[in-house]
>>> print(open('protein.csv').read())   # CSV, C-alpha atoms
chain,number,residue,atom,x,y,z
D,7,MET,CA,200.7,-3.9,11.6
D,8,ASN,CA,199.5,-1.6,8.9
D,9,GLU,CA,201.0,-2.2,5.5
D,10,GLY,CA,198.9,0.2,3.4
D,11,LEU,CA,201.0,3.4,3.6
D,12,THR,CA,202.0,5.2,0.4
D,13,ARG,CA,205.1,3.9,-1.3
D,14,PRO,CA,207.8,4.5,-2.3
D,15,MET,CA,209.1,7.1,0.2
D,16,PRO,CA,208.6,10.6,-1.1
D,17,LYS,CA,211.9,12.0,-2.4
D,18,GLY,CA,211.2,15.2,-0.5
D,19,TYR,CA,212.2,13.6,2.8
D,20,ALA,CA,215.6,12.6,1.5
D,21,ALA,CA,216.0,16.1,0.0
D,22,LEU,CA,215.0,17.7,3.3
D,23,TRP,CA,217.5,15.7,5.4
D,24,GLY,CA,220.2,15.9,2.8
D,25,GLY,CA,219.7,19.7,2.8
D,26,ILE,CA,219.7,19.9,6.6
D,27,THR,CA,222.9,17.8,6.8
D,28,LEU,CA,224.7,19.8,4.1
D,29,ALA,CA,223.8,23.1,5.8
D,30,TYR,CA,224.9,21.7,9.1
D,31,VAL,CA,228.3,20.6,7.8
D,32,ILE,CA,228.9,24.0,6.1
D,33,TRP,CA,227.9,25.8,9.3
D,34,LEU,CA,230.2,23.7,11.5
D,35,VAL,CA,233.3,23.7,9.2
D,36,PHE,CA,233.2,27.2,7.7
D,37,PHE,CA,231.5,29.3,10.3
D,38,LEU,CA,231.8,27.6,13.7
D,39,ARG,CA,235.1,25.8,13.6
D,40,ASP,CA,237.3,28.7,14.9
D,41,THR,CA,234.6,29.6,17.5
D,42,VAL,CA,234.6,26.1,18.9
D,43,LEU,CA,238.4,25.6,18.8
D,44,VAL,CA,239.4,29.1,19.9
D,45,LYS,CA,236.7,31.3,21.3
D,46,TYR,CA,235.0,28.7,23.4
D,47,GLU,CA,238.4,27.8,24.9
D,48,THR,CA,239.0,31.3,26.4
D,49,VAL,CA,238.5,31.8,30.2
D,50,ALA,CA,235.7,34.3,29.5
D,51,GLU,CA,233.7,31.9,27.4
D,52,ARG,CA,234.2,29.0,29.8
D,53,THR,CA,233.1,31.0,32.8
D,54,VAL,CA,229.4,30.6,33.2
D,55,ASP,CA,227.5,32.0,36.2
D,56,GLY,CA,230.8,32.8,37.8
D,57,TYR,CA,232.1,29.2,37.5
D,58,LEU,CA,235.1,28.4,35.3
D,59,TYR,CA,234.6,25.1,33.4
D,60,ALA,CA,237.6,23.1,32.2
D,61,ASP,CA,236.1,22.3,28.9
D,62,ILE,CA,232.6,23.2,27.5
D,63,THR,CA,232.9,21.5,24.1
D,64,GLY,CA,234.8,18.3,24.9
D,65,MET,CA,237.5,19.4,22.5
D,66,THR,CA,239.8,21.7,24.5
D,67,GLY,CA,243.3,20.5,23.9
D,68,HIS,CA,242.0,17.8,21.6
D,69,HIS,CA,241.3,19.6,18.4
D,70,TRP,CA,241.4,16.4,16.4
D,71,LEU,CA,238.1,15.6,17.9
D,72,PHE,CA,236.4,18.3,15.9
D,73,PRO,CA,236.5,16.6,12.5
D,74,VAL,CA,235.4,13.4,14.3
D,75,TRP,CA,232.4,15.2,15.7
D,76,VAL,CA,231.6,16.7,12.3
D,77,VAL,CA,231.5,13.3,10.6
D,78,LEU,CA,229.7,11.5,13.4
D,79,SER,CA,227.0,14.1,13.9
D,80,ALA,CA,226.5,14.5,10.1
D,81,LEU,CA,226.1,10.7,9.8
D,82,SER,CA,223.6,10.7,12.7
D,83,LEU,CA,221.5,13.3,10.7
D,84,LEU,CA,221.7,11.3,7.4
D,85,LEU,CA,220.4,8.2,9.3
D,86,TYR,CA,217.0,9.9,9.6
D,87,ILE,CA,216.5,9.2,5.9
D,88,VAL,CA,217.0,5.5,6.7
D,89,TYR,CA,214.6,5.7,9.7
D,90,ILE,CA,211.8,7.2,7.6
D,91,LYS,CA,212.3,4.7,4.8
D,92,LYS,CA,212.7,1.5,6.9
D,93,ILE,CA,210.0,2.3,9.4
D,94,LEU,CA,207.3,4.4,7.7
D,95,TYR,CA,207.7,3.2,4.1
D,96,ALA,CA,209.2,-0.3,4.3
D,97,GLU,CA,207.2,-2.9,2.4
D,98,ARG,CA,207.0,-4.9,5.6
D,99,LEU,CA,208.3,-4.1,9.0
D,100,GLY,CA,210.8,-6.6,10.2
D,101,GLY,CA,211.8,-7.5,13.7
D,102,GLY,CA,214.9,-5.3,13.3
D,103,ALA,CA,212.8,-2.1,13.2
D,104,LYS,CA,210.8,-3.2,16.2
D,105,TRP,CA,213.8,-4.0,18.4
D,106,PHE,CA,215.6,-0.9,17.3
D,107,CYS,CA,212.7,1.3,18.4
D,108,LEU,CA,212.1,-0.6,21.6
D,109,VAL,CA,215.8,-0.6,22.7
D,110,THR,CA,216.4,3.0,21.8
D,111,GLY,CA,213.2,4.1,23.5
D,112,VAL,CA,214.0,2.3,26.8
D,113,VAL,CA,217.7,3.2,26.8
D,114,ALA,CA,217.0,6.9,25.9
D,115,CYS,CA,214.3,7.2,28.6
D,116,ALA,CA,216.7,5.8,31.2
D,117,TYR,CA,219.5,8.0,29.9
D,118,VAL,CA,217.5,11.2,30.0
D,119,VAL,CA,216.4,10.6,33.6
D,120,GLY,CA,219.9,9.6,34.7
D,121,PHE,CA,221.5,12.6,33.0
D,122,GLY,CA,219.4,15.0,35.0
D,123,PHE,CA,221.1,13.7,38.2
D,124,LEU,CA,224.7,14.1,37.0
D,125,ASP,CA,227.0,16.3,39.1
D,126,ALA,CA,227.1,19.9,38.0
D,127,PRO,CA,228.2,23.2,39.8
D,128,ASN,CA,225.6,25.5,41.3
D,129,ARG,CA,225.7,29.3,41.5
D,130,ALA,CA,228.4,29.1,44.3
D,131,GLY,CA,230.5,26.7,42.2
D,132,GLU,CA,229.6,23.8,44.6
D,133,VAL,CA,228.0,20.5,43.5
D,134,ALA,CA,224.4,21.3,42.7
D,135,THR,CA,221.9,19.8,45.2
D,136,LEU,CA,218.6,18.2,44.3
D,137,SER,CA,216.9,21.5,45.1
D,138,ASP,CA,219.2,23.3,42.6
D,139,LYS,CA,218.4,20.8,39.9
D,140,ILE,CA,214.7,21.2,40.5
D,141,HIS,CA,214.9,25.0,40.4
D,142,TYR,CA,217.4,26.1,37.8
D,143,VAL,CA,220.0,23.6,36.7
D,144,THR,CA,219.1,22.5,33.1
D,145,ALA,CA,220.3,19.6,31.0
D,146,SER,CA,222.4,22.0,28.9
D,147,MET,CA,223.9,23.5,32.1
D,148,ILE,CA,224.8,19.9,33.1
D,149,GLY,CA,226.2,19.6,29.6
D,150,LEU,CA,228.8,22.3,30.4
D,151,GLN,CA,230.3,19.8,32.9
D,152,TRP,CA,229.7,16.8,30.7
D,153,PRO,CA,229.9,18.0,27.0
D,154,TRP,CA,230.2,14.6,25.3
D,155,LEU,CA,227.4,13.1,27.4
D,156,PHE,CA,225.3,16.1,26.5
D,157,LYS,CA,226.0,15.5,22.8
D,158,LEU,CA,224.9,11.9,23.3
D,159,TRP,CA,221.8,13.1,25.2
D,160,GLY,CA,220.7,15.2,22.2
D,161,ILE,CA,221.4,12.5,19.5
D,162,LEU,CA,219.8,9.7,21.5
D,163,THR,CA,216.8,11.7,22.5
D,164,GLY,CA,216.1,12.9,19.0
D,165,THR,CA,216.6,9.4,17.5
D,166,ALA,CA,214.4,7.6,20.0
D,167,LEU,CA,211.5,10.0,20.0
D,168,PHE,CA,211.5,10.4,16.2
D,169,THR,CA,211.8,6.6,15.4
D,170,ASN,CA,209.2,5.6,18.0
D,171,THR,CA,206.8,8.3,16.7
D,172,LEU,CA,207.2,6.9,13.2
D,173,TYR,CA,206.7,3.3,14.5
D,174,ALA,CA,203.4,4.5,16.1
D,175,PHE,CA,202.3,6.1,12.8
D,176,ARG,CA,203.0,2.9,11.0
D,177,ARG,CA,201.4,0.6,13.5
D,178,PHE,CA,198.1,2.5,13.4
D,179,GLY,CA,198.1,3.5,9.8
D,180,TYR,CA,198.6,7.3,10.4
D,181,ASN,CA,200.8,9.2,7.9
D,182,SER,CA,201.0,13.0,8.0
D,183,ARG,CA,203.7,14.6,5.9
D,184,VAL,CA,203.3,17.7,8.0
D,185,ALA,CA,204.0,15.7,11.2
D,186,VAL,CA,207.1,14.1,9.7
D,187,VAL,CA,208.5,17.4,8.5
D,188,LEU,CA,207.8,19.1,11.8
D,189,GLY,CA,209.5,16.2,13.7
D,190,SER,CA,212.4,16.3,11.3
D,191,VAL,CA,213.0,20.1,11.7
D,192,GLY,CA,212.5,19.8,15.5
D,193,THR,CA,215.0,16.9,15.8
D,194,ALA,CA,217.6,18.7,13.7
D,195,ALA,CA,217.3,21.8,15.8
D,196,ILE,CA,218.8,20.2,18.9
D,197,TYR,CA,222.1,20.2,17.0
D,198,LEU,CA,222.2,24.0,17.4
D,199,SER,CA,222.1,23.6,21.2
D,200,LEU,CA,224.7,20.8,21.1
D,201,ASN,CA,227.2,23.0,19.3
D,202,CYS,CA,226.5,26.3,21.0
D,203,PRO,CA,227.0,25.8,24.8
D,204,SER,CA,224.6,27.2,27.4
D,205,LEU,CA,225.2,30.6,29.0
D,206,GLY,CA,223.7,29.3,32.2
D,207,GLU,CA,221.1,31.6,33.7
D,208,THR,CA,222.2,34.5,31.6
D,209,LYS,CA,219.9,35.5,28.8
D,210,ASP,CA,222.0,37.8,26.6
D,211,PHE,CA,220.2,37.6,23.2
D,212,SER,CA,222.8,39.9,21.7
D,213,ASP,CA,225.2,37.0,22.0
D,214,PRO,CA,224.9,34.6,18.9
D,215,ARG,CA,225.8,31.7,21.2
D,216,CYS,CA,222.9,32.4,23.4
D,217,VAL,CA,220.5,32.9,20.5
D,218,ALA,CA,221.5,29.7,18.8
D,219,HIS,CA,221.3,27.7,22.0
D,220,TRP,CA,217.9,28.9,22.9
D,221,LEU,CA,216.6,28.8,19.4
D,222,GLY,CA,217.7,25.1,19.0
D,223,ALA,CA,216.2,24.2,22.4
D,224,LEU,CA,212.8,25.8,21.8
D,225,ILE,CA,212.3,24.6,18.3
D,226,PHE,CA,213.3,21.1,19.4
D,227,ALA,CA,210.9,21.1,22.4
D,228,PHE,CA,207.9,22.3,20.4
D,229,LEU,CA,208.4,20.5,17.1
D,230,ILE,CA,209.5,17.1,18.5
D,231,ALA,CA,206.2,17.1,20.5
D,232,ALA,CA,204.0,18.2,17.6
D,233,PRO,CA,203.9,14.9,15.7
D,234,VAL,CA,203.0,13.0,19.0
D,235,VAL,CA,200.2,15.5,19.7
D,236,MET,CA,198.9,15.3,16.1
D,237,PHE,CA,199.0,11.5,16.2
D,238,LEU,CA,197.2,11.3,19.6
D,239,TYR,CA,194.6,13.8,18.5
D,240,HIS,CA,193.9,11.9,15.3
D,241,MET,CA,193.6,8.6,17.1
D,242,ALA,CA,191.5,10.1,19.9
D,243,ARG,CA,188.9,11.3,17.3
D,244,THR,CA,188.9,8.1,15.2
D,245,GLU,CA,189.7,5.2,17.5
D,246,LYS,CA,188.9,6.6,20.9
D,247,GLY,CA,189.6,4.0,23.6
D,248,LEU,CA,192.7,4.8,25.6
D,249,PHE,CA,193.8,7.3,23.0
D,250,ARG,CA,191.4,10.0,24.2
D,251,PRO,CA,192.6,10.1,27.9
D,252,THR,CA,196.2,9.7,26.7
D,253,PHE,CA,195.8,12.7,24.4
D,254,TYR,CA,194.3,14.9,27.2
D,255,GLY,CA,196.9,13.6,29.7
D,256,PHE,CA,199.9,14.4,27.4
D,257,VAL,CA,198.5,17.9,26.7
D,258,ALA,CA,198.1,18.4,30.4
D,259,ILE,CA,201.7,17.4,31.0
D,260,LEU,CA,202.9,19.9,28.4
D,261,LEU,CA,200.8,22.6,30.1
D,262,LEU,CA,202.1,21.6,33.5
D,263,MET,CA,205.7,21.9,32.3
D,264,ILE,CA,205.0,25.4,31.1
D,265,ILE,CA,203.4,26.4,34.4
D,266,LEU,CA,206.4,24.9,36.3
D,267,LEU,CA,208.8,26.8,34.1
D,268,VAL,CA,207.1,30.0,34.9
D,269,THR,CA,206.5,29.4,38.6
D,270,VAL,CA,209.5,27.2,39.7
D,271,GLY,CA,212.0,27.8,37.0
D,272,LYS,CA,213.7,25.9,34.2
D,273,SER,CA,215.5,22.8,35.1
D,274,ALA,CA,216.6,19.4,33.8
D,275,LEU,CA,214.0,17.6,36.0
D,276,ILE,CA,211.2,19.8,34.8
D,277,GLU,CA,212.3,19.6,31.2
D,278,ASN,CA,212.2,15.8,31.5
D,279,LEU,CA,208.5,15.6,32.3
D,280,PRO,CA,207.2,15.7,28.7
D,281,ILE,CA,210.2,13.8,27.3
D,282,VAL,CA,209.7,10.9,29.7
D,283,ALA,CA,205.9,11.0,29.3
D,284,ALA,CA,206.4,10.9,25.5
D,285,TYR,CA,208.7,7.9,25.8
D,286,LEU,CA,206.3,6.0,28.1
D,287,ILE,CA,203.3,6.7,25.9
D,288,LEU,CA,205.0,5.7,22.7
D,289,LEU,CA,206.4,2.5,24.3
D,290,ALA,CA,203.0,1.6,25.5
D,291,ILE,CA,201.4,2.3,22.1
D,292,ASN,CA,204.1,0.5,20.1
D,293,PHE,CA,204.9,-2.5,22.3
D,294,THR,CA,201.7,-3.4,24.2
D,295,ASN,CA,198.2,-4.3,23.3
D,296,LEU,CA,196.7,-1.6,25.5
D,297,TYR,CA,195.7,0.6,22.5
D,298,GLU,CA,194.5,-2.0,20.1
D,299,LYS,CA,190.9,-2.6,19.5
D,300,PRO,CA,189.6,-5.8,21.2
D,301,SER,CA,188.8,-8.5,18.7
D,302,SER,CA,185.0,-8.9,18.2
>>> encode(input="protein.csv", output="structure tokens")
Amino acid sequence: MNEGLTRPMPKGYAALWGGITLAYVIWLVFFLRDTVLVKYETVAERTVDGYLYADITGMTGHHWLFPVWVVLSALSLLLYIVYIKKILYAERLGGGAKWFCLVTGVVACAYVVGFGFLDAPNRAGEVATLSDKIHYVTASMIGLQWPWLFKLWGILTGTALFTNTLYAFRRFGYNSRVAVVLGSVGTAAIYLSLNCPSLGETKDFSDPRCVAHWLGALIFAFLIAAPVVMFLYHMARTEKGLFRPTFYGFVAILLLMIILLVTVGKSALIENLPIVAAYLILLAINFTNLYEKPSS
């Protein structure tokens, strides 16, 4: 385990996440509250692709849940300061960090896969078939039916990928502030999608809800993968071994996802390809000896 990273933790990381959290709380409380508790409860807003959902935010008829969500989601953002400090900049990594990353990685991987198979309505308002889920039913569309499970999907996915990426950095002595900042911004971006429900297959970019949802999803997808790609590329150049084929393989999976999105369509199962691949790669790097140099 590498212990030679720069310490103490740069204050900029705490400032970054503190600023993100403050902006997020202001946005929720002063700009989005009435939308969540009034507009998103109307029949028009809850009707997506011709199907009327009972509740797309998880708060319809239970407005007291809004302040609970504000507090819990804000705390989940502030925890990223702790993750950076305790994983990347701790004087010594204890067993707690190892087990936290291992458990969250395994649980999040299983959760993401299982979430993609949850019941959701298709275009006809019937339960989506496996074919529907392969071709157009996305995770955020499933989230319209299961809003709180989708919130958990976003928080758990961001936490597990970010912390396991940091753990890989620490284990192999890689530390890029650019990578950490990109991962931070990407992770925070998913909260846009969690708070602005999907419009289904509709792409009305004159609708702020649609813009926020897509912006959050796209920034999350690209920037959460960026630190993994940067790390694998660095290790492929310096350490070689299994890192080189892993780097090429992960890039190939990212390209495959783009091809499938263009040819088959967007769906939860297609979106899961790079996420599950990232989990498996990071778990193998962090908790096996496959990527370590053999002792001479």
>>> closest_residue(input="protein.csv", among="D:Leu188, D:Ala232, D:Leu172, D:Leu22", to="D:Tyr95", atoms="all atoms listed in the file")
D:Leu172
>>> residues_around(input="protein.csv", residues="D:Cys115", least_positions_apart="2", cutoff="12 Å", atoms="only C-alpha atoms", output="MDAnalysis selection string")
chainID D and resid 107:113 117:122 159 162:167 170 278:289
>>> residues_near_point(input="protein.csv", point="(206.0, 6.3, 4.8)", cutoff="8 Å", atoms="all atoms listed in the file", output="PyMOL selection string")
chain D and resi 11-16+90-91+93-96+176+181
>>> write_last_selection(input="protein.csv", atoms="C-alpha atoms", output="CSV table (one decimal), keeping the file's coordinate frame")
chain,number,residue,atom,x,y,z
D,11,LEU,CA,201.0,3.4,3.6
D,12,THR,CA,202.0,5.2,0.4
D,13,ARG,CA,205.1,3.9,-1.3
D,14,PRO,CA,207.8,4.5,-2.3
D,15,MET,CA,209.1,7.1,0.2
D,16,PRO,CA,208.6,10.6,-1.1
D,90,ILE,CA,211.8,7.2,7.6
D,91,LYS,CA,212.3,4.7,4.8
D,93,ILE,CA,210.0,2.3,9.4
D,94,LEU,CA,207.3,4.4,7.7
D,95,TYR,CA,207.7,3.2,4.1
D,96,ALA,CA,209.2,-0.3,4.3
D,176,ARG,CA,203.0,2.9,11.0
D,181,ASN,CA,200.8,9.2,7.9
>>> closest_residue(input="protein.csv", among="D:Phe211, D:Trp220, D:Trp154, D:Phe175", to="D:Val235", atoms="only C-alpha atoms")
D:Phe175
>>> atom_distance(input="protein.csv", atom1="atom CA of D:Ala80", atom2="atom CA of D:Met65")
17.3 Å
>>> atom_distance(input="protein.csv", atom1="atom CA of D:Gly192", atom2="atom CA of D:Glu97")
26.7 Å
>>> atom_distance(input="protein.csv", atom1="atom CA of D:Leu260", atom2="atom CA of D:Val234")
11.7 Å
>>> residues_near_point(input="protein.csv", point="(237.9, 18.2, 14.0)", cutoff="12 Å", atoms="all atoms listed in the file", output="list of chain:residue names")
D:Val31, D:Leu34, D:Val35, D:Phe36, D:Leu38, D:Arg39, D:Asp40, D:Val42, D:Leu43, D:Thr63, D:Gly64, D:Met65, D:Thr66, D:Gly67, D:His68, D:His69, D:Trp70, D:Leu71, D:Phe72, D:Pro73, D:Val74, D:Trp75, D:Val76, D:Val77, D:Leu78, D:Ser79
>>> closest_residue(input="protein.csv", among="D:Ile276, D:Leu158, D:Leu28, D:Ile87", to="D:Ala114", atoms="all atoms listed in the file")
D:Leu158
>>> closest_residue(input="protein.csv", among="D:Phe37, D:Trp23, D:Trp152, D:Tyr180", to="D:Val88", atoms="only C-alpha atoms")
D:Trp23
>>> residues_around(input="protein.csv", residues="D:Leu248", least_positions_apart="6", cutoff="8 Å", atoms="all atoms listed in the file", output="PyMOL selection string")
chain D and resi 242+296-297
>>> closest_residue(input="protein.csv", among="D:Ala185, D:Phe156, D:Asn295, D:Gly131", to="D:Phe228", atoms="all atoms listed in the file")
D:Ala185
>>> closest_residue(input="protein.csv", among="D:Thr171, D:Thr193, D:Asn201, D:Ser182", to="D:Tyr46", atoms="all atoms listed in the file")
D:Asn201
>>> build_atoms(input="protein.csv", residues="stretch 226-237 of chain D", atoms="all heavy atoms", output="mmCIF file, in the coordinates of the input")
data_model
loop_
_atom_site.group_PDB
_atom_site.id
_atom_site.type_symbol
_atom_site.label_atom_id
_atom_site.label_comp_id
_atom_site.auth_asym_id
_atom_site.auth_seq_id
_atom_site.Cartn_x
_atom_site.Cartn_y
_atom_site.Cartn_z
ATOM 1 N N PHE D 226 213.298 22.491 19.126
ATOM 2 C CA PHE D 226 213.300 21.100 19.400
ATOM 3 C C PHE D 226 212.125 20.700 20.344
ATOM 4 O O PHE D 226 211.389 19.749 20.075
ATOM 5 C CB PHE D 226 214.624 20.687 20.106
ATOM 6 C CG PHE D 226 214.666 19.274 20.616
ATOM 7 C CD1 PHE D 226 214.814 18.211 19.745
ATOM 8 C CD2 PHE D 226 214.553 18.999 21.976
ATOM 9 C CE1 PHE D 226 214.855 16.895 20.213
ATOM 10 C CE2 PHE D 226 214.600 17.697 22.453
ATOM 11 C CZ PHE D 226 214.744 16.643 21.566
ATOM 12 N N ALA D 227 211.958 21.465 21.421
ATOM 13 C CA ALA D 227 210.900 21.100 22.400
ATOM 14 C C ALA D 227 209.533 21.149 21.792
ATOM 15 O O ALA D 227 208.733 20.232 22.028
ATOM 16 C CB ALA D 227 210.988 22.153 23.565
ATOM 17 N N PHE D 228 209.235 22.164 20.984
ATOM 18 C CA PHE D 228 207.900 22.300 20.400
ATOM 19 C C PHE D 228 207.647 21.341 19.254
ATOM 20 O O PHE D 228 206.592 20.694 19.164
ATOM 21 C CB PHE D 228 207.607 23.732 20.003
ATOM 22 C CG PHE D 228 207.325 24.652 21.155
ATOM 23 C CD1 PHE D 228 208.299 25.510 21.635
ATOM 24 C CD2 PHE D 228 206.086 24.651 21.780
ATOM 25 C CE1 PHE D 228 208.052 26.359 22.713
ATOM 26 C CE2 PHE D 228 205.810 25.489 22.853
ATOM 27 C CZ PHE D 228 206.800 26.353 23.327
ATOM 28 N N LEU D 229 208.621 21.247 18.359
ATOM 29 C CA LEU D 229 208.400 20.500 17.100
ATOM 30 C C LEU D 229 208.563 18.987 17.307
ATOM 31 O O LEU D 229 207.988 18.210 16.545
ATOM 32 C CB LEU D 229 209.292 20.998 16.009
ATOM 33 C CG LEU D 229 209.028 22.433 15.542
ATOM 34 C CD1 LEU D 229 209.737 22.708 14.232
ATOM 35 C CD2 LEU D 229 207.533 22.721 15.399
ATOM 36 N N ILE D 230 209.347 18.543 18.294
ATOM 37 C CA ILE D 230 209.500 17.100 18.500
ATOM 38 C C ILE D 230 208.187 16.568 19.163
ATOM 39 O O ILE D 230 207.820 15.404 19.009
ATOM 40 C CB ILE D 230 210.693 16.743 19.357
ATOM 41 C CG1 ILE D 230 211.068 15.262 19.189
ATOM 42 C CG2 ILE D 230 210.459 17.058 20.818
ATOM 43 C CD1 ILE D 230 211.537 14.879 17.831
ATOM 44 N N ALA D 231 207.491 17.453 19.900
ATOM 45 C CA ALA D 231 206.200 17.100 20.500
ATOM 46 C C ALA D 231 205.061 17.136 19.570
ATOM 47 O O ALA D 231 204.064 16.417 19.733
ATOM 48 C CB ALA D 231 205.959 17.939 21.757
ATOM 49 N N ALA D 232 205.169 17.990 18.555
ATOM 50 C CA ALA D 232 204.000 18.200 17.600
ATOM 51 C C ALA D 232 203.548 16.949 16.955
ATOM 52 O O ALA D 232 202.329 16.703 16.928
ATOM 53 C CB ALA D 232 204.435 19.277 16.599
ATOM 54 N N PRO D 233 204.422 16.087 16.395
ATOM 55 C CA PRO D 233 203.900 14.900 15.700
ATOM 56 C C PRO D 233 203.201 13.932 16.721
ATOM 57 O O PRO D 233 202.231 13.263 16.341
ATOM 58 C CB PRO D 233 205.176 14.206 15.176
ATOM 59 C CG PRO D 233 206.168 15.306 15.063
ATOM 60 C CD PRO D 233 205.879 16.226 16.205
ATOM 61 N N VAL D 234 203.662 13.885 17.968
ATOM 62 C CA VAL D 234 203.000 13.000 19.000
ATOM 63 C C VAL D 234 201.622 13.556 19.266
ATOM 64 O O VAL D 234 200.654 12.794 19.325
ATOM 65 C CB VAL D 234 203.859 12.976 20.268
ATOM 66 C CG1 VAL D 234 203.181 12.078 21.301
ATOM 67 C CG2 VAL D 234 205.275 12.477 19.984
ATOM 68 N N VAL D 235 201.516 14.874 19.438
ATOM 69 C CA VAL D 235 200.200 15.500 19.700
ATOM 70 C C VAL D 235 199.276 15.279 18.526
ATOM 71 O O VAL D 235 198.100 14.933 18.703
ATOM 72 C CB VAL D 235 200.377 16.995 20.009
ATOM 73 C CG1 VAL D 235 199.015 17.675 20.102
ATOM 74 C CG2 VAL D 235 201.156 17.203 21.307
ATOM 75 N N MET D 236 199.775 15.472 17.318
ATOM 76 C CA MET D 236 198.900 15.300 16.100
ATOM 77 C C MET D 236 198.450 13.869 15.995
ATOM 78 O O MET D 236 197.279 13.625 15.675
ATOM 79 C CB MET D 236 199.745 15.707 14.876
ATOM 80 C CG MET D 236 200.056 17.184 14.790
ATOM 81 S SD MET D 236 201.220 17.591 13.447
ATOM 82 C CE MET D 236 200.218 17.207 12.002
ATOM 83 N N PHE D 237 199.330 12.919 16.249
ATOM 84 C CA PHE D 237 199.000 11.500 16.200
ATOM 85 C C PHE D 237 197.906 11.169 17.235
ATOM 86 O O PHE D 237 196.879 10.531 16.934
ATOM 87 C CB PHE D 237 200.194 10.635 16.365
ATOM 88 C CG PHE D 237 199.905 9.182 16.593
ATOM 89 C CD1 PHE D 237 199.466 8.371 15.553
ATOM 90 C CD2 PHE D 237 200.061 8.616 17.853
ATOM 91 C CE1 PHE D 237 199.191 7.018 15.761
ATOM 92 C CE2 PHE D 237 199.789 7.277 18.071
ATOM 93 C CZ PHE D 237 199.352 6.477 17.032
#
